[in-house]
file target_12.cif (mmCIF, C-alpha atoms and all ligand atoms)
data_my_file
#
loop_
_atom_site.group_PDB
_atom_site.id
_atom_site.type_symbol
_atom_site.label_atom_id
_atom_site.label_comp_id
_atom_site.auth_asym_id
_atom_site.auth_seq_id
_atom_site.Cartn_x
_atom_site.Cartn_y
_atom_site.Cartn_z
ATOM 1 C CA MET A 1 0.000 0.000 0.000
ATOM 2 C CA ARG A 2 1.213 3.523 -0.739
ATOM 3 C CA LEU A 3 2.619 5.309 2.303
ATOM 4 C CA VAL A 4 0.156 8.189 2.009
ATOM 5 C CA LYS A 5 -2.771 5.751 1.956
ATOM 6 C CA TYR A 6 -1.338 3.851 4.933
ATOM 7 C CA LEU A 7 -1.213 7.069 6.986
ATOM 8 C CA ALA A 8 -4.749 8.055 5.983
ATOM 9 C CA HIS A 9 -6.032 4.539 6.778
ATOM 10 C CA ALA A 10 -4.336 4.617 10.158
ATOM 11 C CA GLY A 11 -6.227 7.799 11.000
ATOM 12 C CA VAL A 12 -3.057 9.894 11.274
ATOM 13 C CA ALA A 13 -4.315 12.604 8.947
ATOM 14 C CA SER A 14 -6.404 13.197 5.865
ATOM 15 C CA ARG A 15 -4.735 12.118 2.658
ATOM 16 C CA ARG A 16 -3.735 15.677 1.760
ATOM 17 C CA ALA A 17 -2.361 16.399 5.239
ATOM 18 C CA ALA A 18 -0.484 13.070 5.113
ATOM 19 C CA GLU A 19 1.123 14.150 1.832
ATOM 20 C CA ARG A 20 2.373 17.281 3.578
ATOM 21 C CA LEU A 21 3.731 15.308 6.547
ATOM 22 C CA ILE A 22 5.687 13.136 4.122
ATOM 23 C CA ALA A 23 6.917 16.099 2.030
ATOM 24 C CA ASP A 24 8.055 17.838 5.225
ATOM 25 C CA GLY A 25 10.293 14.860 6.048
ATOM 26 C CA ARG A 26 8.395 13.966 9.222
ATOM 27 C CA VAL A 27 7.750 10.353 8.254
ATOM 28 C CA THR A 28 10.176 7.445 8.519
ATOM 29 C CA VAL A 29 9.819 3.852 7.333
ATOM 30 C CA GLY A 30 12.057 1.327 9.071
ATOM 31 C CA GLY A 31 13.898 4.259 10.646
ATOM 32 C CA GLU A 32 14.723 5.913 7.300
ATOM 33 C CA PRO A 33 13.163 9.260 6.353
ATOM 34 C CA VAL A 34 10.893 8.885 3.311
ATOM 35 C CA THR A 35 9.673 11.797 1.187
ATOM 36 C CA ASP A 36 8.003 9.710 -1.535
ATOM 37 C CA PRO A 37 4.242 9.445 -0.823
ATOM 38 C CA ALA A 38 4.051 6.422 -3.164
ATOM 39 C CA ARG A 39 6.583 4.395 -1.168
ATOM 40 C CA ASP A 40 5.225 0.867 -0.752
ATOM 41 C CA VAL A 41 4.547 -0.194 2.842
ATOM 42 C CA ASP A 42 2.564 -3.028 4.420
ATOM 43 C CA GLU A 43 1.241 -4.134 7.779
ATOM 44 C CA GLY A 44 4.718 -5.260 8.803
ATOM 45 C CA SER A 45 6.362 -1.883 8.129
ATOM 46 C CA VAL A 46 7.520 0.252 11.040
ATOM 47 C CA VAL A 47 6.150 3.675 10.135
ATOM 48 C CA GLU A 48 6.809 6.644 12.406
ATOM 49 C CA VAL A 49 5.625 10.240 12.347
ATOM 50 C CA ASP A 50 7.750 12.688 14.339
ATOM 51 C CA GLY A 51 9.364 9.674 15.987
ATOM 52 C CA GLY A 52 6.059 8.133 17.157
ATOM 53 C CA ARG A 53 5.048 4.696 15.886
ATOM 54 C CA VAL A 54 1.912 4.691 13.753
ATOM 55 C CA GLU A 55 -0.490 2.036 15.003
ATOM 56 C CA ARG A 56 -3.415 0.889 12.951
ATOM 57 C CA GLU A 57 -6.421 2.077 14.891
ATOM 58 C CA GLU A 58 -9.951 0.822 14.663
ATOM 59 C CA ARG A 59 -11.914 2.782 12.114
ATOM 60 C CA VAL A 60 -15.062 4.480 13.289
ATOM 61 C CA VAL A 61 -17.743 6.563 11.633
ATOM 62 C CA TYR A 62 -20.119 8.834 13.533
ATOM 63 C CA ALA A 63 -23.259 10.606 12.392
ATOM 64 C CA LEU A 64 -23.885 14.009 13.968
ATOM 65 C CA ASN A 65 -26.983 16.175 13.721
ATOM 66 C CA LYS A 66 -25.141 19.486 13.459
ATOM 67 C CA PRO A 67 -26.697 22.445 15.231
ATOM 68 C CA PRO A 68 -26.478 25.933 13.702
ATOM 69 C CA GLY A 69 -23.416 28.095 14.431
ATOM 70 C CA VAL A 70 -20.963 25.197 14.557
ATOM 71 C CA VAL A 71 -18.241 25.024 11.917
ATOM 72 C CA SER A 72 -17.557 21.788 10.101
ATOM 73 C CA THR A 73 -13.772 21.820 10.101
ATOM 74 C CA ALA A 74 -11.747 19.573 12.416
ATOM 75 C CA ARG A 75 -10.259 22.630 14.163
ATOM 76 C CA ASP A 76 -11.135 26.306 13.949
ATOM 77 C CA THR A 77 -8.440 28.971 14.023
ATOM 78 C CA HIS A 78 -10.925 31.521 15.438
ATOM 79 C CA GLY A 79 -11.821 29.365 18.438
ATOM 80 C CA ARG A 80 -15.363 28.628 17.247
ATOM 81 C CA ARG A 81 -17.077 25.371 18.195
ATOM 82 C CA THR A 82 -16.484 22.649 15.620
ATOM 83 C CA VAL A 83 -18.331 19.468 14.725
ATOM 84 C CA ALA A 84 -15.363 17.518 16.126
ATOM 85 C CA ASP A 85 -15.942 19.179 19.530
ATOM 86 C CA LEU A 86 -19.438 17.669 19.547
ATOM 87 C CA VAL A 87 -18.221 14.085 19.097
ATOM 88 C CA PRO A 88 -15.856 13.368 21.990
ATOM 89 C CA SER A 89 -13.395 10.639 21.020
ATOM 90 C CA ASP A 90 -9.807 9.584 21.699
ATOM 91 C CA ARG A 91 -9.436 9.327 17.958
ATOM 92 C CA ARG A 92 -8.754 12.161 15.597
ATOM 93 C CA LEU A 93 -12.001 12.536 13.665
ATOM 94 C CA TYR A 94 -12.438 14.423 10.418
ATOM 95 C CA PRO A 95 -15.689 15.697 8.980
ATOM 96 C CA VAL A 96 -16.713 14.152 5.661
ATOM 97 C CA GLY A 97 -17.165 17.293 3.574
ATOM 98 C CA ARG A 98 -18.582 20.539 4.849
ATOM 99 C CA LEU A 99 -21.819 22.172 5.859
ATOM 100 C CA ASP A 100 -22.032 25.971 6.181
ATOM 101 C CA ALA A 101 -21.932 27.194 9.786
ATOM 102 C CA ASP A 102 -25.648 28.063 9.641
ATOM 103 C CA THR A 103 -26.671 24.792 7.928
ATOM 104 C CA THR A 104 -27.953 22.077 10.261
ATOM 105 C CA GLY A 105 -28.380 18.341 9.900
ATOM 106 C CA LEU A 106 -26.467 15.221 9.028
ATOM 107 C CA ILE A 107 -22.684 15.299 8.874
ATOM 108 C CA LEU A 108 -20.372 12.314 9.187
ATOM 109 C CA LEU A 109 -17.085 12.241 11.063
ATOM 110 C CA THR A 110 -14.513 9.513 10.747
ATOM 111 C CA ASN A 111 -10.888 8.571 11.276
ATOM 112 C CA ASP A 112 -11.032 6.594 8.016
ATOM 113 C CA GLY A 113 -9.403 8.961 5.552
ATOM 114 C CA GLU A 114 -9.894 6.560 2.658
ATOM 115 C CA LEU A 115 -13.644 6.265 3.192
ATOM 116 C CA ALA A 116 -13.951 10.047 3.616
ATOM 117 C CA ASN A 117 -12.128 10.642 0.335
ATOM 118 C CA ARG A 118 -14.367 8.220 -1.520
ATOM 119 C CA LEU A 119 -17.556 9.671 -0.136
ATOM 120 C CA MET A 120 -16.499 13.159 -1.196
ATOM 121 C CA HIS A 121 -15.192 12.208 -4.613
ATOM 122 C CA PRO A 122 -17.406 13.650 -7.390
ATOM 123 C CA ARG A 123 -16.966 10.395 -9.357
ATOM 124 C CA TYR A 124 -19.153 8.434 -6.919
ATOM 125 C CA GLU A 125 -21.874 11.074 -6.744
ATOM 126 C CA VAL A 126 -23.237 10.035 -3.355
ATOM 127 C CA PRO A 127 -26.701 11.657 -3.146
ATOM 128 C CA LYS A 128 -27.311 14.156 -0.363
ATOM 129 C CA THR A 129 -30.776 15.423 0.524
ATOM 130 C CA TYR A 130 -31.504 18.898 1.896
ATOM 131 C CA VAL A 131 -34.625 20.645 3.089
ATOM 132 C CA ALA A 132 -34.546 24.380 2.384
ATOM 133 C CA VAL A 133 -36.987 27.007 3.598
ATOM 134 C CA VAL A 134 -37.010 29.707 0.931
ATOM 135 C CA GLN A 135 -38.630 33.020 0.215
ATOM 136 C CA PRO A 136 -40.591 34.188 -1.648
ATOM 137 C CA ALA A 137 -43.069 31.315 -1.472
ATOM 138 C CA PRO A 138 -44.382 29.342 -3.227
ATOM 139 C CA VAL A 139 -41.736 28.441 -5.803
ATOM 140 C CA PRO A 140 -43.236 28.541 -9.300
ATOM 141 C CA GLU A 141 -42.970 25.513 -11.586
ATOM 142 C CA PRO A 142 -40.458 27.098 -14.045
ATOM 143 C CA ALA A 143 -38.032 27.719 -11.139
ATOM 144 C CA LEU A 144 -38.486 24.138 -9.896
ATOM 145 C CA ARG A 145 -37.819 22.872 -13.414
ATOM 146 C CA LEU A 146 -34.602 24.897 -13.634
ATOM 147 C CA LEU A 147 -33.425 23.543 -10.275
ATOM 148 C CA ARG A 148 -34.122 20.010 -11.516
ATOM 149 C CA GLU A 149 -32.543 20.338 -14.922
ATOM 150 C CA GLY A 150 -29.507 22.474 -14.058
ATOM 151 C CA VAL A 151 -28.805 26.048 -13.047
ATOM 152 C CA GLN A 152 -25.940 28.125 -14.399
ATOM 153 C CA LEU A 153 -23.681 29.101 -11.461
ATOM 154 C CA ASP A 154 -20.379 30.992 -11.634
ATOM 155 C CA ASP A 155 -18.525 27.657 -11.307
ATOM 156 C CA GLY A 156 -20.583 25.942 -14.021
ATOM 157 C CA ARG A 157 -23.965 24.382 -14.601
ATOM 158 C CA THR A 158 -25.372 22.145 -11.885
ATOM 159 C CA ALA A 159 -26.119 18.473 -12.565
ATOM 160 C CA PRO A 160 -29.717 17.202 -12.683
ATOM 161 C CA ALA A 161 -31.265 17.036 -9.202
ATOM 162 C CA HIS A 162 -34.457 15.760 -7.606
ATOM 163 C CA VAL A 163 -36.420 18.756 -6.369
ATOM 164 C CA ARG A 164 -39.948 18.986 -5.000
ATOM 165 C CA GLU A 165 -41.838 21.600 -3.067
ATOM 166 C CA VAL A 166 -43.155 19.721 -0.030
ATOM 167 C CA ARG A 167 -45.070 22.757 1.273
ATOM 168 C CA PRO A 168 -45.216 26.290 -0.102
ATOM 169 C CA GLY A 169 -41.683 27.664 0.365
ATOM 170 C CA VAL A 170 -40.188 24.363 1.592
ATOM 171 C CA LEU A 171 -38.039 22.527 -0.922
ATOM 172 C CA GLU A 172 -36.555 19.068 -0.708
ATOM 173 C CA LEU A 173 -33.507 18.786 -2.961
ATOM 174 C CA THR A 174 -31.366 15.718 -3.611
ATOM 175 C CA LEU A 175 -28.020 16.563 -5.198
ATOM 176 C CA ARG A 176 -25.241 14.329 -6.434
ATOM 177 C CA GLU A 177 -22.694 17.132 -6.176
ATOM 178 C CA GLY A 178 -21.192 19.005 -3.246
ATOM 179 C CA ARG A 179 -20.037 22.418 -4.335
ATOM 180 C CA LYS A 180 -19.571 25.229 -1.869
ATOM 181 C CA ARG A 181 -22.911 26.749 -0.754
ATOM 182 C CA GLN A 182 -24.501 24.934 -3.661
ATOM 183 C CA VAL A 183 -28.106 24.796 -2.456
ATOM 184 C CA ARG A 184 -28.084 28.454 -1.415
ATOM 185 C CA ARG A 185 -26.558 29.507 -4.748
ATOM 186 C CA MET A 186 -28.948 27.356 -6.804
ATOM 187 C CA CYS A 187 -31.977 28.815 -5.069
ATOM 188 C CA GLU A 188 -30.628 32.363 -5.393
ATOM 189 C CA ALA A 189 -30.031 31.770 -9.102
ATOM 190 C CA VAL A 190 -33.765 31.134 -9.559
ATOM 191 C CA GLY A 191 -34.807 34.094 -7.424
ATOM 192 C CA HIS A 192 -35.318 32.516 -3.974
ATOM 193 C CA GLU A 193 -33.384 33.196 -0.806
ATOM 194 C CA VAL A 194 -32.653 30.272 1.531
ATOM 195 C CA LEU A 195 -33.734 31.163 5.075
ATOM 196 C CA GLU A 196 -33.005 27.775 6.636
ATOM 197 C CA LEU A 197 -31.106 24.775 5.367
ATOM 198 C CA ARG A 198 -30.927 21.271 6.817
ATOM 199 C CA ARG A 199 -29.314 18.132 5.436
ATOM 200 C CA THR A 200 -31.634 15.216 6.045
ATOM 201 C CA ALA A 201 -29.787 12.386 4.289
ATOM 202 C CA PHE A 202 -26.314 11.401 3.167
ATOM 203 C CA GLY A 203 -26.354 8.387 0.853
ATOM 204 C CA PRO A 204 -28.309 5.645 2.644
ATOM 205 C CA LEU A 205 -28.259 7.439 6.038
ATOM 206 C CA ARG A 206 -31.033 9.617 7.461
ATOM 207 C CA VAL A 207 -30.747 12.177 10.249
ATOM 208 C CA ALA A 208 -34.256 11.447 11.514
ATOM 209 C CA ASP A 209 -33.261 9.437 14.601
ATOM 210 C CA LEU A 210 -30.877 12.068 16.011
ATOM 211 C CA GLY A 211 -31.844 15.109 18.085
ATOM 212 C CA GLU A 212 -30.108 18.389 17.303
ATOM 213 C CA GLY A 213 -26.499 18.250 18.542
ATOM 214 C CA ASP A 214 -26.680 14.482 19.107
ATOM 215 C CA HIS A 215 -24.376 11.907 17.568
ATOM 216 C CA ARG A 216 -24.088 8.159 17.358
ATOM 217 C CA ARG A 217 -21.597 5.674 16.038
ATOM 218 C CA LEU A 218 -22.657 3.931 12.855
ATOM 219 C CA THR A 219 -23.070 0.180 12.960
ATOM 220 C CA ALA A 220 -20.851 -2.059 10.848
ATOM 221 C CA ALA A 221 -23.831 -2.675 8.519
ATOM 222 C CA GLU A 222 -24.368 1.068 8.058
ATOM 223 C CA VAL A 223 -20.683 1.598 7.293
ATOM 224 C CA GLU A 224 -20.877 -1.174 4.677
ATOM 225 C CA ARG A 225 -23.878 0.503 3.057
ATOM 226 C CA LEU A 226 -21.945 3.779 3.005
ATOM 227 C CA ARG A 227 -18.946 2.098 1.404
ATOM 228 C CA ALA A 228 -21.220 0.677 -1.249
ATOM 229 C CA ALA A 229 -22.631 4.179 -1.875
ATOM 230 C CA GLY A 230 -19.030 5.352 -2.276
ATOM 231 C CA GLY A 231 -18.440 2.692 -4.924
ATOM 232 C CA ALA A 232 -16.220 0.572 -2.709
ATOM 233 C CA VAL A 233 -18.014 -2.586 -1.678
ATOM 234 C CA GLY A 234 -15.893 -4.666 0.674
ATOM 235 C CA LEU A 235 -12.903 -2.302 0.672
HETATM 236 N N1 LIG B 1 -25.492 23.675 0.211
HETATM 237 C C1 LIG B 1 -25.343 24.861 0.830
HETATM 238 O O1 LIG B 1 -25.655 25.906 0.266
HETATM 239 N N2 LIG B 1 -24.875 24.866 2.081
HETATM 240 C C2 LIG B 1 -24.553 23.756 2.764
HETATM 241 O O2 LIG B 1 -24.144 23.831 3.923
HETATM 242 C C3 LIG B 1 -24.711 22.519 2.101
HETATM 243 C C4 LIG B 1 -25.176 22.506 0.819
#
call {"tool": "encode", "arguments": {"input": "target_12.cif", "output": "structure tokens", "more": "lines below"}}
Ligand code: URA
result
Amino acid sequence: MRLVKYLAHAGVASRRAAERLIADGRVTVGGEPVTDPARDVDEGSVVEVDGGRVEREERVVYALNKPPGVVSTARDTHGRRTVADLVPSDRRLYPVGRLDADTTGLILLTNDGELANRLMHPRYEVPKTYVAVVQPAPVPEPALRLLREGVQLDDGRTAPAHVREVRPGVLELTLREGRKRQVRRMCEAVGHEVLELRRTAFGPLRVADLGEGDHRRLTAAEVERLRAAGGAVGL
């Protein structure tokens, strides 16, 4: 296995951060500094970061129902509360993707860098469902059709999405993309401001059983279903 993948699998860091650790000369294999992220290592290799032995740790995935005002980075340089603060763990957990600070709902955290990368990769197009309260209400049919078929944003046209108005001014949108502030920008592009935004589903998982601010560890069966959604059955 490539060294960078080994570090991400072990929960040391995300893949990108692991690349930096290696480039900065902080990683040794068998006592020798290694700066090649593609260096082949296996379970028997003695890999150290800053002189500390990297142990393979159990991989865990948590679902959190994110409250508003919490940022979805692992650490915040401005001292704001983060999603990682809401899921106490001895392990270093990383959020899978991002929600805006004022967006609520389902976000996953994991120490499995490989799974996180797959779930976020545009190639696998894991569907995510959002409920948006918009104004003005109701949303006329031509605007709904545009949201479904694709809206021109400054970073390109959006892919087809499932969109329905569940009540006047309340949209349920299922997207297979994850661009920055995508739902807010899509709605703005068709003349509607998003007042509230909540993610209700991520792939096969629903937020319904979690109270706001609550979290729970996913079962092995749920993690398998997620892996399948990320195109990686049995990985
Ligand atoms: N779309 C947005 O606009 N914001 C989010 O937080 C998630 C999706």
call {"tool": "residues_near_ligand", "arguments": {"input": "target_12.cif", "ligand": "ligand LIG 1 (chain B)", "cutoff": "7 Å", "atoms": "only C-alpha atoms and all ligand atoms", "output": "list in words"}}
result
Arg98, Leu99, Asp100, Thr103, Gly178, Lys180, Arg181, Gln182, Val183, Arg184 and Arg185 of chain A
call {"tool": "resolve_selection", "arguments": {"input": "target_12.cif", "expression": "the PyMOL selection byres (((chain A and resi 200) around 7) and not hetatm)", "output": "PyMOL selection string"}}
result
chain A and resi 105-106+129-131+198-199+201+206-207
call {"tool": "closest_residue", "arguments": {"input": "target_12.cif", "among": "A:Met186, A:Val126, A:Leu210, A:Ala38", "to": "Ala229 (chain A)", "atoms": "only C-alpha atoms"}}
result
A:Val126
call {"tool": "closest_residue", "arguments": {"input": "target_12.cif", "among": "A:Glu57, A:Tyr6, A:Val194, A:Thr73", "to": "Gly44 (chain A)", "atoms": "all atoms listed in the file"}}
result
A:Tyr6
call {"tool": "atom_distance", "arguments": {"input": "target_12.cif", "atom1": "CA of Ser72 (chain A)", "atom2": "CA of Leu205 (chain A)"}}
result
18.4 Å
call {"tool": "atom_distance", "arguments": {"input": "target_12.cif", "atom1": "CA of Glu193 (chain A)", "atom2": "CA of Pro140 (chain A)"}}
result
13.8 Å
call {"tool": "resolve_selection", "arguments": {"input": "target_12.cif", "expression": "the PyMOL selection byres (((chain A and resi 12) around 9) and not hetatm)", "output": "PyMOL selection string"}}
result
chain A and resi 6-11+13-14+17-18+49+54+92+111+113
call {"tool": "resolve_selection", "arguments": {"input": "target_12.cif", "expression": "the PyMOL selection byres (((chain A and resi 33) around 12) and not hetatm)", "output": "JSON, numbers by chain"}}
result
{"A": [3, 21, 22, 23, 24, 25, 26, 27, 28, 29, 30, 31, 32, 34, 35, 36, 37, 39, 46, 47, 48, 49, 50, 51]}
call {"tool": "write_last_selection", "arguments": {"input": "target_12.cif", "atoms": "C-alpha atoms", "output": "PDB file, in the frame of the given file"}}
result
ATOM      1  CA  LEU A   3       2.619   5.309   2.303  1.00  0.00           C
ATOM      2  CA  LEU A  21       3.731  15.308   6.547  1.00  0.00           C
ATOM      3  CA  ILE A  22       5.687  13.136   4.122  1.00  0.00           C
ATOM      4  CA  ALA A  23       6.917  16.099   2.030  1.00  0.00           C
ATOM      5  CA  ASP A  24       8.055  17.838   5.225  1.00  0.00           C
ATOM      6  CA  GLY A  25      10.293  14.860   6.048  1.00  0.00           C
ATOM      7  CA  ARG A  26       8.395  13.966   9.222  1.00  0.00           C
ATOM      8  CA  VAL A  27       7.750  10.353   8.254  1.00  0.00           C
ATOM      9  CA  THR A  28      10.176   7.445   8.519  1.00  0.00           C
ATOM     10  CA  VAL A  29       9.819   3.852   7.333  1.00  0.00           C
ATOM     11  CA  GLY A  30      12.057   1.327   9.071  1.00  0.00           C
ATOM     12  CA  GLY A  31      13.898   4.259  10.646  1.00  0.00           C
ATOM     13  CA  GLU A  32      14.723   5.913   7.300  1.00  0.00           C
ATOM     14  CA  VAL A  34      10.893   8.885   3.311  1.00  0.00           C
ATOM     15  CA  THR A  35       9.673  11.797   1.187  1.00  0.00           C
ATOM     16  CA  ASP A  36       8.003   9.710  -1.535  1.00  0.00           C
ATOM     17  CA  PRO A  37       4.242   9.445  -0.823  1.00  0.00           C
ATOM     18  CA  ARG A  39       6.583   4.395  -1.168  1.00  0.00           C
ATOM     19  CA  VAL A  46       7.520   0.252  11.040  1.00  0.00           C
ATOM     20  CA  VAL A  47       6.150   3.675  10.135  1.00  0.00           C
ATOM     21  CA  GLU A  48       6.809   6.644  12.406  1.00  0.00           C
ATOM     22  CA  VAL A  49       5.625  10.240  12.347  1.00  0.00           C
ATOM     23  CA  ASP A  50       7.750  12.688  14.339  1.00  0.00           C
ATOM     24  CA  GLY A  51       9.364   9.674  15.987  1.00  0.00           C
TER      25      GLY A  51
END
call {"tool": "closest_residue", "arguments": {"input": "target_12.cif", "among": "A:Arg227, A:His215, A:Pro160, A:Glu19", "to": "Leu86 (chain A)", "atoms": "all atoms listed in the file"}}
result
A:His215
call {"tool": "closest_residue", "arguments": {"input": "target_12.cif", "among": "A:Val151, A:Arg75, A:Ser45, A:Thr104", "to": "Gly211 (chain A)", "atoms": "all atoms listed in the file"}}
result
A:Thr104
call {"tool": "closest_residue", "arguments": {"input": "target_12.cif", "among": "A:Asp76, A:Asp90, A:Glu165, A:Glu224", "to": "Leu144 (chain A)", "atoms": "all atoms listed in the file"}}
result
A:Glu165
call {"tool": "axis_aligned_box", "arguments": {"input": "target_12.cif", "around": "region 140-157 of chain A", "padding_each_side": "3 Å", "output": "lines of an AutoDock Vina configuration file"}}
result
center_x = -30.9
center_y = 25.5
center_z = -12.1
size_x = 30.7
size_y = 17.0
size_z = 11.6
call {"tool": "atom_distance", "arguments": {"input": "target_12.cif", "atom1": "CA of Thr82 (chain A)", "atom2": "CA of His121 (chain A)"}}
result
22.8 Å
call {"tool": "closest_residue", "arguments": {"input": "target_12.cif", "among": "A:Ala159, A:Asp102, A:Val134, A:Tyr94", "to": "Asn117 (chain A)", "atoms": "only C-alpha atoms"}}
result
A:Tyr94
call {"tool": "residues_around", "arguments": {"input": "target_12.cif", "residues": "Val163 (chain A)", "least_positions_apart": "4", "cutoff": "12 Å", "atoms": "only C-alpha atoms", "output": "MDAnalysis selection string"}}
result
chainID A and resid 128:132 139 141 143:150 170:175 183 186:187
